Amino acid sequence: MKKCIVIGGGIAGLTAAAYLVKEGIQITVLESSPKLGGRAYSFIDQKTNRQIDNGQHILMGCYTDTIKFLNLVGAQGNFIYQKRLEVNFLKPGNKIVCLKSFPVFYPLNLLIALLNFNVLSIKEKISSLGFMMKSPFTSHQKLIDKNVKEWLEENKQSENLISSLWEMIAVGALNTNIEKASAMMFREILMKIFFSGNFSSTIILPKEDLSKSYVNNAKNFIEKNGGEIRLSSTVDEIVFDGDKVKRIKINGEAFNDFDFIISAVPFNSILKFIPEGFFEKNISFDYSSILNIHIWLKKNPLEGTFYGLINSPIHWIFNKQDHLNLVISDADYLMNKSAEELSEMCKTELIKYLEIDASEIQYYKILKEKRATFIPSNNIIYSRPKSKTKIKNLFLAGDWTDTGYPSTIESATKSGRIASELVINS
Ligand SMILES: Cc1cc2nc3c(=O)[nH]c(=O)nc-3n(C[C@H](O)[C@H](O)[C@H](O)COP(=O)(O)OP(=O)(O)OC[C@H]3O[C@@H](n4cnc5c(N)ncnc54)[C@H](O)[C@@H]3O)c2cc1C
């Protein structure tokens with residue numbers, strides 16, 4: 001029986017492990033922290049005794065690998081699936097504008113959705129449709145050095161159109177501003193979301209916190225199928241012998257009882273244990289932050305599940321019933337702000353957008369994730385390492401590997417699936 005070590009218990013490592021145990025491969029997952037889930041985890045907030053996420057995670061219908069993984073571990077029922085794309089956007093004064101696809105055939109339903117999106121003028125609607133229809137035919141060569149802003153401006157997208165539509169999509173999906181994000185990557189996600197069938201553009205949300213939604217199912221699936229999960233187990237060294245991994249060190253102790261290794265840790269973590277010179281190119285990732293603020297109000301003013309905010313520093317509000325989860329992507333500029341400054345900013349925006357009274361606010365929990373995602377700039381997207389390496393029994397997984405996707409759960413699950421297939425087929 002093949003034996004495989006999976007380093008990292010984030011979603012990439014859990015995906016790889018789940019596919020491997022399904023094939024009867026003996027696996028051990030080594031996770032350095034005392035919990036599974038990596039960057040997609042939940043914990044108990046001491047003050048409210050409520051399990052909350054480190055950050056709201058949104059999936060989409062186009063997350064095909066993620067949906068396959070959720071089905072594999074029996075977690076598909078823990079998510080709410082939209083039938084058609086429907087996003088409510090808030091404008092100041094509690095005014096709602098809806099971006100909603102219609103029950104007519106694809107892609108006409110999405111075109112009607114854009115035509116009805118009343119944040120845009122008629123001219124802007126036509127201009128956005130023109131851009132959208134042109135994007136599948138825009139060559140790789142034309143976009144290779146461009147950022148999203150340059151591409152949008154070249155296509156005469158107005159300032160309002162950029163801030164009210166394209167920026168919402170780009171910042172939401174790429175977690176960086178349109179000057180840093182690669183136009184090529186933006187084109188890829190537009191294709192995935194809007195040109196891959198009706199279901200692709202829909203939003204999928206966990207019914208409960210991330211642990212209950214997928215982490216527990218993945219853990220149970222792996223263990224039930226004979227896999228072992230070791231928490232608080234840090235890999236500190238990998239030693240090669242020619243083109244094979246000879247041994248690894250776990251919490252300082254040497255270990256060599258394996259046939260294959262899958263590393264499913266972030267890029268900056270693998271650099272700590274991989275021999276120097278392993279990556280032939282001089283690769284360097286830059287990162288972008290996400291800020292989540294959980295706010296408890298005396299009375300919940302919202303009915304819907306989630307809202308986008310137009311022209312606000314707060315990008316999304318998720319309605320958790322007993323509280324609201326405010327999300328700010330591309331949040332580097334807020335990382336050094338104090339809790340008072342951040343809560344003041346949230347208060348101002350809630351008063352402006354939801355017309356609540358300041359006295360309604362009872363409690364804040366602020367969560368800063370400084371290295372939430374890598375920036376998909378032109379500097380990195382063409383040099384992301386592949387899963388297969390020059391070392392015959394070592395494969396790479398993780399959202400940063402060359403999946404073609406930005407730093408997302410879909411990239412992580414795709415990378416885990418690819419790495420597992422390489423082990424299965426070796
Ligand atoms: C706040 C926030 C919000 C986000 N929102 C979304 C969203 O809405 N939609 C979306 O698709 N994506 C979102 N993302 C991105 C998504 O969370 C990540 O892309 C995904 O979780 C990455 O998974 P991974 O397994 O590749 O890496 P990680 O989750 O980073 O997992 C790597 C694991 O390896 C472990 N590890 C590291 N070094 C070692 C070592 N030496 N030995 C053993 N273990 C080690 C780490 O502890 C960690 O558990 C968000 C991220 C954050 C932070």
# chains A, B, ... in the order shown; residues from 1 in each chain; ligands from 1
>>> closest_atom_pairs(of="chain A", to="ligand 1", cutoff="6 Å", atoms="only C-alpha atoms and all ligand atoms", output="Markdown table")
| residue | atom | partner | partner_atom_place_in_ligand_line | distance |
| --- | --- | --- | --- | --- |
| A:Ile7 | CA | ligand 1 | 43 (C) | 5.1 |
| A:Gly8 | CA | ligand 1 | 34 (O) | 3.4 |
| A:Gly9 | CA | ligand 1 | 49 (O) | 4.7 |
| A:Gly10 | CA | ligand 1 | 31 (O) | 3.4 |
| A:Ile11 | CA | ligand 1 | 25 (O) | 4.0 |
| A:Ala12 | CA | ligand 1 | 25 (O) | 3.7 |
| A:Gly13 | CA | ligand 1 | 25 (O) | 5.6 |
| A:Leu30 | CA | ligand 1 | 43 (C) | 5.2 |
| A:Glu31 | CA | ligand 1 | 44 (N) | 3.9 |
| A:Ser32 | CA | ligand 1 | 44 (N) | 3.9 |
| A:Ser33 | CA | ligand 1 | 47 (O) | 5.0 |
| A:Leu36 | CA | ligand 1 | 49 (O) | 5.9 |
| A:Gly37 | CA | ligand 1 | 49 (O) | 5.7 |
| A:Gly38 | CA | ligand 1 | 49 (O) | 3.2 |
| A:Arg39 | CA | ligand 1 | 29 (O) | 3.8 |
| A:Ala40 | CA | ligand 1 | 17 (O) | 4.6 |
| A:Asn54 | CA | ligand 1 | 1 (C) | 5.7 |
| A:Gly55 | CA | ligand 1 | 1 (C) | 3.8 |
| A:Gln56 | CA | ligand 1 | 3 (C) | 5.7 |
| A:His57 | CA | ligand 1 | 8 (O) | 3.4 |
| A:Ile58 | CA | ligand 1 | 8 (O) | 3.7 |
| A:Leu59 | CA | ligand 1 | 9 (N) | 5.5 |
| A:Ser233 | CA | ligand 1 | 43 (C) | 5.8 |
| A:Thr234 | CA | ligand 1 | 42 (N) | 3.7 |
| A:Val235 | CA | ligand 1 | 42 (N) | 4.0 |
| A:Asp236 | CA | ligand 1 | 41 (N) | 5.6 |
| A:Ala264 | CA | ligand 1 | 32 (C) | 5.9 |
| A:Val265 | CA | ligand 1 | 34 (O) | 3.9 |
| A:Pro266 | CA | ligand 1 | 30 (O) | 5.2 |
| A:Ser269 | CA | ligand 1 | 38 (N) | 4.8 |
| A:Ile290 | CA | ligand 1 | 1 (C) | 5.2 |
| A:Glu369 | CA | ligand 1 | 53 (C) | 5.4 |
| A:Ala372 | CA | ligand 1 | 53 (C) | 3.7 |
| A:Thr373 | CA | ligand 1 | 15 (C) | 5.8 |
| A:Gly398 | CA | ligand 1 | 26 (O) | 3.3 |
| A:Asp399 | CA | ligand 1 | 26 (O) | 4.0 |
| A:Ser407 | CA | ligand 1 | 19 (O) | 4.5 |
| A:Thr408 | CA | ligand 1 | 19 (O) | 3.5 |
| A:Ile409 | CA | ligand 1 | 11 (O) | 3.8 |
| A:Glu410 | CA | ligand 1 | 11 (O) | 5.7 |
| A:Ala412 | CA | ligand 1 | 26 (O) | 4.4 |
>>> residues_around(residues="Arg84 (chain A)", least_positions_apart="6", cutoff="10 Å", atoms="only C-alpha atoms", output="list in words")
Gly61, Lys100, Ser101, Phe102, Pro103, Asn109, Leu110, Asn198, Phe199, Ser200, Ser201, Thr202 and Ile203 of chain A
>>> residues_around(residues="Asn336 (chain A)", least_positions_apart="6", cutoff="12 Å", atoms="only C-alpha atoms", output="VMD selection string")
chain A and resid 289 291 342 368 to 370
>>> residues_around(residues="region 216-227 of chain A", least_positions_apart="5", cutoff="7 Å", atoms="only C-alpha atoms", output="ChimeraX atom specification")
/A:14,17-18,21-22,26-28,73-75,211
>>> closest_residue(among="A:Ala331, A:Cys4, A:Leu152, A:Leu143", to="Asn175 (chain A)", atoms="only C-alpha atoms")
A:Ala331
>>> atom_distance(atom1="CA of Lys365 (chain A)", atom2="CA of His294 (chain A)")
5.0 Å
>>> select_by_dssp(residues="region 145-369 of chain A", states="strand (DSSP E or B)", output="mmCIF file with C-alpha atoms, in the first residue's frame")
data_model
loop_
_atom_site.group_PDB
_atom_site.id
_atom_site.type_symbol
_atom_site.label_atom_id
_atom_site.label_comp_id
_atom_site.auth_asym_id
_atom_site.auth_seq_id
_atom_site.Cartn_x
_atom_site.Cartn_y
_atom_site.Cartn_z
ATOM 1 C CA ASN A 147 -3.495 45.542 -15.283
ATOM 2 C CA SER A 182 -3.471 41.284 -13.832
ATOM 3 C CA ILE A 203 -23.303 32.602 -4.924
ATOM 4 C CA ILE A 204 -22.916 29.703 -2.483
ATOM 5 C CA LEU A 205 -22.692 30.436 1.238
ATOM 6 C CA PRO A 206 -22.012 28.192 4.236
ATOM 7 C CA GLU A 228 -4.441 9.902 10.285
ATOM 8 C CA ILE A 229 -4.486 13.598 11.202
ATOM 9 C CA ARG A 230 -1.771 14.949 13.484
ATOM 10 C CA VAL A 235 7.488 19.998 9.397
ATOM 11 C CA ASP A 236 10.782 21.858 9.843
ATOM 12 C CA GLU A 237 12.983 20.174 7.270
ATOM 13 C CA ILE A 238 12.846 18.094 4.103
ATOM 14 C CA VAL A 239 16.000 16.260 3.089
ATOM 15 C CA PHE A 240 16.572 15.118 -0.516
ATOM 16 C CA ASP A 241 18.646 12.219 -1.716
ATOM 17 C CA LYS A 244 13.797 11.839 -4.022
ATOM 18 C CA VAL A 245 12.785 13.010 -0.565
ATOM 19 C CA LYS A 246 14.762 10.865 1.879
ATOM 20 C CA ARG A 247 13.370 12.072 5.197
ATOM 21 C CA ILE A 248 11.449 14.885 6.831
ATOM 22 C CA LYS A 249 11.691 16.342 10.286
ATOM 23 C CA ILE A 250 8.477 16.751 12.286
ATOM 24 C CA GLU A 253 12.247 14.384 14.851
ATOM 25 C CA ALA A 254 13.364 12.588 11.681
ATOM 26 C CA PHE A 255 10.771 10.485 9.834
ATOM 27 C CA PHE A 260 5.218 10.321 -1.286
ATOM 28 C CA ILE A 261 4.981 13.806 0.176
ATOM 29 C CA ILE A 262 2.425 16.449 -0.746
ATOM 30 C CA SER A 263 3.307 19.900 0.536
ATOM 31 C CA TYR A 287 0.064 39.533 -0.274
ATOM 32 C CA SER A 288 -3.103 41.452 0.361
ATOM 33 C CA SER A 289 -5.179 41.793 3.534
ATOM 34 C CA ILE A 290 -8.834 41.212 4.413
ATOM 35 C CA LEU A 291 -10.594 42.821 7.357
ATOM 36 C CA ASN A 292 -13.662 41.229 8.935
ATOM 37 C CA ILE A 293 -15.679 43.019 11.578
ATOM 38 C CA HIS A 294 -18.403 41.136 13.415
ATOM 39 C CA ILE A 295 -20.934 43.563 14.910
ATOM 40 C CA TRP A 296 -23.708 42.817 17.362
ATOM 41 C CA LEU A 297 -26.649 45.258 17.227
ATOM 42 C CA PHE A 306 -25.924 39.429 2.237
ATOM 43 C CA TYR A 307 -25.489 42.839 0.636
ATOM 44 C CA GLY A 308 -22.811 44.602 -1.425
ATOM 45 C CA LEU A 309 -22.221 48.244 -0.532
ATOM 46 C CA TRP A 316 -20.034 43.370 1.946
ATOM 47 C CA ILE A 317 -22.359 42.819 4.887
ATOM 48 C CA PHE A 318 -23.353 39.236 5.738
ATOM 49 C CA ASN A 319 -26.403 38.763 7.892
ATOM 50 C CA LEU A 324 -23.606 41.272 11.100
ATOM 51 C CA ASN A 325 -20.277 40.358 9.485
ATOM 52 C CA LEU A 326 -18.764 43.331 7.622
ATOM 53 C CA VAL A 327 -16.068 42.500 5.039
ATOM 54 C CA ILE A 328 -13.388 44.776 3.612
ATOM 55 C CA ILE A 361 -24.255 48.923 18.402
ATOM 56 C CA GLN A 362 -23.407 46.607 21.289
ATOM 57 C CA TYR A 363 -20.126 44.842 20.511
ATOM 58 C CA TYR A 364 -17.425 44.572 17.818
ATOM 59 C CA LYS A 365 -14.962 41.797 17.035
ATOM 60 C CA ILE A 366 -12.278 42.904 14.590
ATOM 61 C CA LEU A 367 -10.276 40.287 12.661
ATOM 62 C CA LYS A 368 -7.276 41.350 10.580
ATOM 63 C CA GLU A 369 -5.865 38.789 8.137
#
>>> residues_around(residues="Glu153 (chain A)", least_positions_apart="6", cutoff="12 Å", atoms="only C-alpha atoms", output="list in words")
Ser127, Ser128, Phe131, Lys146, Asn147, Glu159, Asn160, Leu161, Ile162, Trp166, Ile178, Glu179 and Ala183 of chain A
>>> write_last_selection(atoms="N, CA and C atoms", output="PDB file, in the first residue's frame")
ATOM      1  N   SER A 127     -22.191  49.982 -22.625  1.00  0.00           N
ATOM      2  CA  SER A 127     -20.729  49.909 -22.634  1.00  0.00           C
ATOM      3  C   SER A 127     -20.233  48.659 -21.875  1.00  0.00           C
ATOM      4  N   SER A 128     -20.879  48.353 -20.740  1.00  0.00           N
ATOM      5  CA  SER A 128     -20.446  47.179 -19.969  1.00  0.00           C
ATOM      6  C   SER A 128     -20.757  45.890 -20.733  1.00  0.00           C
ATOM      7  N   PHE A 131     -18.185  45.427 -23.454  1.00  0.00           N
ATOM      8  CA  PHE A 131     -16.911  44.959 -22.898  1.00  0.00           C
ATOM      9  C   PHE A 131     -16.989  43.462 -22.577  1.00  0.00           C
ATOM     10  N   LYS A 146      -0.855  43.961 -19.067  1.00  0.00           N
ATOM     11  CA  LYS A 146      -1.810  44.992 -18.601  1.00  0.00           C
ATOM     12  C   LYS A 146      -2.369  44.676 -17.225  1.00  0.00           C
ATOM     13  N   ASN A 147      -2.718  45.755 -16.497  1.00  0.00           N
ATOM     14  CA  ASN A 147      -3.495  45.542 -15.283  1.00  0.00           C
ATOM     15  C   ASN A 147      -4.974  45.767 -15.617  1.00  0.00           C
ATOM     16  N   GLU A 159     -15.792  56.020 -15.205  1.00  0.00           N
ATOM     17  CA  GLU A 159     -15.386  55.931 -13.797  1.00  0.00           C
ATOM     18  C   GLU A 159     -16.475  55.269 -12.938  1.00  0.00           C
ATOM     19  N   ASN A 160     -17.737  55.701 -13.173  1.00  0.00           N
ATOM     20  CA  ASN A 160     -18.848  55.144 -12.384  1.00  0.00           C
ATOM     21  C   ASN A 160     -19.028  53.648 -12.664  1.00  0.00           C
ATOM     22  N   LEU A 161     -18.888  53.289 -13.946  1.00  0.00           N
ATOM     23  CA  LEU A 161     -19.033  51.883 -14.339  1.00  0.00           C
ATOM     24  C   LEU A 161     -17.938  51.039 -13.674  1.00  0.00           C
ATOM     25  N   ILE A 162     -16.735  51.596 -13.633  1.00  0.00           N
ATOM     26  CA  ILE A 162     -15.633  50.857 -13.001  1.00  0.00           C
ATOM     27  C   ILE A 162     -15.901  50.701 -11.505  1.00  0.00           C
ATOM     28  N   TRP A 166     -17.269  46.881 -12.182  1.00  0.00           N
ATOM     29  CA  TRP A 166     -16.069  46.068 -12.421  1.00  0.00           C
ATOM     30  C   TRP A 166     -15.188  45.967 -11.180  1.00  0.00           C
ATOM     31  N   ILE A 178      -7.527  47.368  -8.713  1.00  0.00           N
ATOM     32  CA  ILE A 178      -7.482  47.092 -10.156  1.00  0.00           C
ATOM     33  C   ILE A 178      -6.170  47.551 -10.801  1.00  0.00           C
ATOM     34  N   GLU A 179      -5.367  48.304 -10.065  1.00  0.00           N
ATOM     35  CA  GLU A 179      -4.062  48.690 -10.623  1.00  0.00           C
ATOM     36  C   GLU A 179      -3.018  47.604 -10.412  1.00  0.00           C
ATOM     37  N   ALA A 183      -4.751  41.888 -15.813  1.00  0.00           N
ATOM     38  CA  ALA A 183      -5.927  41.876 -16.699  1.00  0.00           C
ATOM     39  C   ALA A 183      -6.216  40.449 -17.155  1.00  0.00           C
TER      40      ALA A 183
END
>>> atom_distance(atom1="CA of Ile5 (chain A)", atom2="CA of Ser213 (chain A)")
24.9 Å
>>> closest_atom_pairs(of="region 125-198 of chain A", to="region 374-386 of chain A", cutoff="7 Å", atoms="only C-alpha atoms", output="CSV")
residue,atom,partner,partner_atom,distance
A:Asp145,CA,A:Asn378,CA,6.4
A:Leu174,CA,A:Pro376,CA,6.9
A:Thr176,CA,A:Ile375,CA,6.4
A:Lys180,CA,A:Ser377,CA,5.7
A:Ala181,CA,A:Ser377,CA,4.8
A:Ser182,CA,A:Ser377,CA,4.7
>>> write_last_selection(atoms="C-alpha atoms", output="PDB file, in the first residue's frame")
ATOM      1  CA  ASP A 145       1.403  43.141 -19.439  1.00  0.00           C
ATOM      2  CA  LEU A 174      -8.986  39.027  -6.604  1.00  0.00           C
ATOM      3  CA  THR A 176      -6.553  43.574  -4.646  1.00  0.00           C
ATOM      4  CA  LYS A 180      -2.249  45.694  -9.145  1.00  0.00           C
ATOM      5  CA  ALA A 181      -4.415  42.885 -10.529  1.00  0.00           C
ATOM      6  CA  SER A 182      -3.471  41.284 -13.832  1.00  0.00           C
TER       7      SER A 182
END
>>> select_by_dssp(residues="region 111-182 of chain A", states="helix (DSSP H, G or I)", output="JSON, numbers by chain")
{"A": [111, 112, 113, 114, 115, 122, 123, 124, 125, 126, 127, 128, 129, 130, 131, 132, 133, 134, 135, 136, 137, 140, 141, 142, 143, 148, 149, 150, 151, 152, 153, 154, 159, 160, 161, 162, 163, 164, 165, 166, 167, 168, 169, 170, 171, 172, 173, 174]}
>>> closest_residue(among="A:Glu280, A:Asp330, A:Asp209, A:Glu303", to="Val171 (chain A)", atoms="only C-alpha atoms")
A:Asp330
>>> atom_distance(atom1="CA of Leu120 (chain A)", atom2="CA of Glu355 (chain A)")
23.7 Å
>>> closest_residue(among="A:Cys62, A:Leu108, A:Ala113, A:Ile391", to="Lys192 (chain A)", atoms="only C-alpha atoms")
A:Cys62
>>> decode(residues="region 333-407 of chain A", atoms="C-alpha atoms", output="compact mmCIF listing (two decimals), in the first residue's frame")
# COMPACT_ATOMS: atom_id res chain seq x y z
CA TYR A 333 -4.46 50.52 4.23
CA LEU A 334 -6.49 49.62 7.36
CA MET A 335 -4.12 47.10 8.98
CA ASN A 336 -2.43 49.67 11.24
CA LYS A 337 -5.64 51.39 12.32
CA SER A 338 -6.71 50.98 15.93
CA ALA A 339 -9.87 49.14 17.01
CA GLU A 340 -11.43 52.54 17.86
CA GLU A 341 -10.69 53.97 14.41
CA LEU A 342 -12.07 50.89 12.68
CA SER A 343 -15.20 50.70 14.80
CA GLU A 344 -15.79 54.43 14.21
CA MET A 345 -15.53 53.86 10.46
CA CYS A 346 -18.02 50.96 10.63
CA LYS A 347 -20.40 53.00 12.76
CA THR A 348 -20.33 55.89 10.24
CA GLU A 349 -21.02 53.52 7.33
CA LEU A 350 -23.82 51.63 9.12
CA ILE A 351 -25.52 54.91 9.99
CA LYS A 352 -25.13 56.11 6.39
CA TYR A 353 -26.21 52.92 4.65
CA LEU A 354 -28.67 51.31 7.09
CA GLU A 355 -29.85 54.45 8.90
CA ILE A 356 -29.36 52.82 12.30
CA ASP A 357 -28.83 54.75 15.50
CA ALA A 358 -25.29 54.62 16.95
CA SER A 359 -26.72 53.43 20.29
CA GLU A 360 -27.84 50.20 18.55
CA ILE A 361 -24.26 48.92 18.40
CA GLN A 362 -23.41 46.61 21.29
CA TYR A 363 -20.13 44.84 20.51
CA TYR A 364 -17.43 44.57 17.82
CA LYS A 365 -14.96 41.80 17.03
CA ILE A 366 -12.28 42.90 14.59
CA LEU A 367 -10.28 40.29 12.66
CA LYS A 368 -7.28 41.35 10.58
CA GLU A 369 -5.86 38.79 8.14
CA LYS A 370 -2.71 40.45 6.84
CA ARG A 371 -1.62 37.79 4.38
CA ALA A 372 -5.09 36.66 3.38
CA THR A 373 -4.37 36.09 -0.31
CA PHE A 374 -1.52 36.54 -2.77
CA ILE A 375 -1.81 39.39 -5.27
CA PRO A 376 -2.46 38.03 -8.77
CA SER A 377 -0.22 40.54 -10.51
CA ASN A 378 1.53 40.10 -13.86
CA ASN A 379 4.77 39.59 -11.88
CA ILE A 380 3.58 36.27 -10.48
CA ILE A 381 0.75 34.73 -12.46
CA TYR A 382 3.03 33.45 -15.21
CA SER A 383 5.60 31.92 -12.84
CA ARG A 384 3.48 30.01 -10.30
CA PRO A 385 5.06 26.58 -9.65
CA LYS A 386 3.29 23.47 -10.92
CA SER A 387 2.29 20.56 -8.69
CA LYS A 388 4.81 18.18 -10.25
CA THR A 389 8.36 18.98 -9.12
CA LYS A 390 11.87 17.84 -10.08
CA ILE A 391 11.78 15.64 -6.95
CA LYS A 392 9.97 12.44 -8.01
CA ASN A 393 8.07 11.77 -4.77
CA LEU A 394 7.27 15.40 -3.84
CA PHE A 395 4.20 17.23 -5.14
CA LEU A 396 2.94 20.74 -4.40
CA ALA A 397 -0.56 21.91 -3.52
CA GLY A 398 -1.91 25.18 -2.16
CA ASP A 399 -3.88 28.08 -3.62
CA TRP A 400 -0.62 29.69 -4.88
CA THR A 401 0.39 26.81 -7.17
CA ASP A 402 -0.29 27.03 -10.89
CA THR A 403 -4.03 26.35 -10.99
CA GLY A 404 -4.90 29.31 -13.22
CA TYR A 405 -7.14 30.72 -10.47
CA PRO A 406 -6.64 33.56 -8.00
CA SER A 407 -5.96 32.86 -4.31
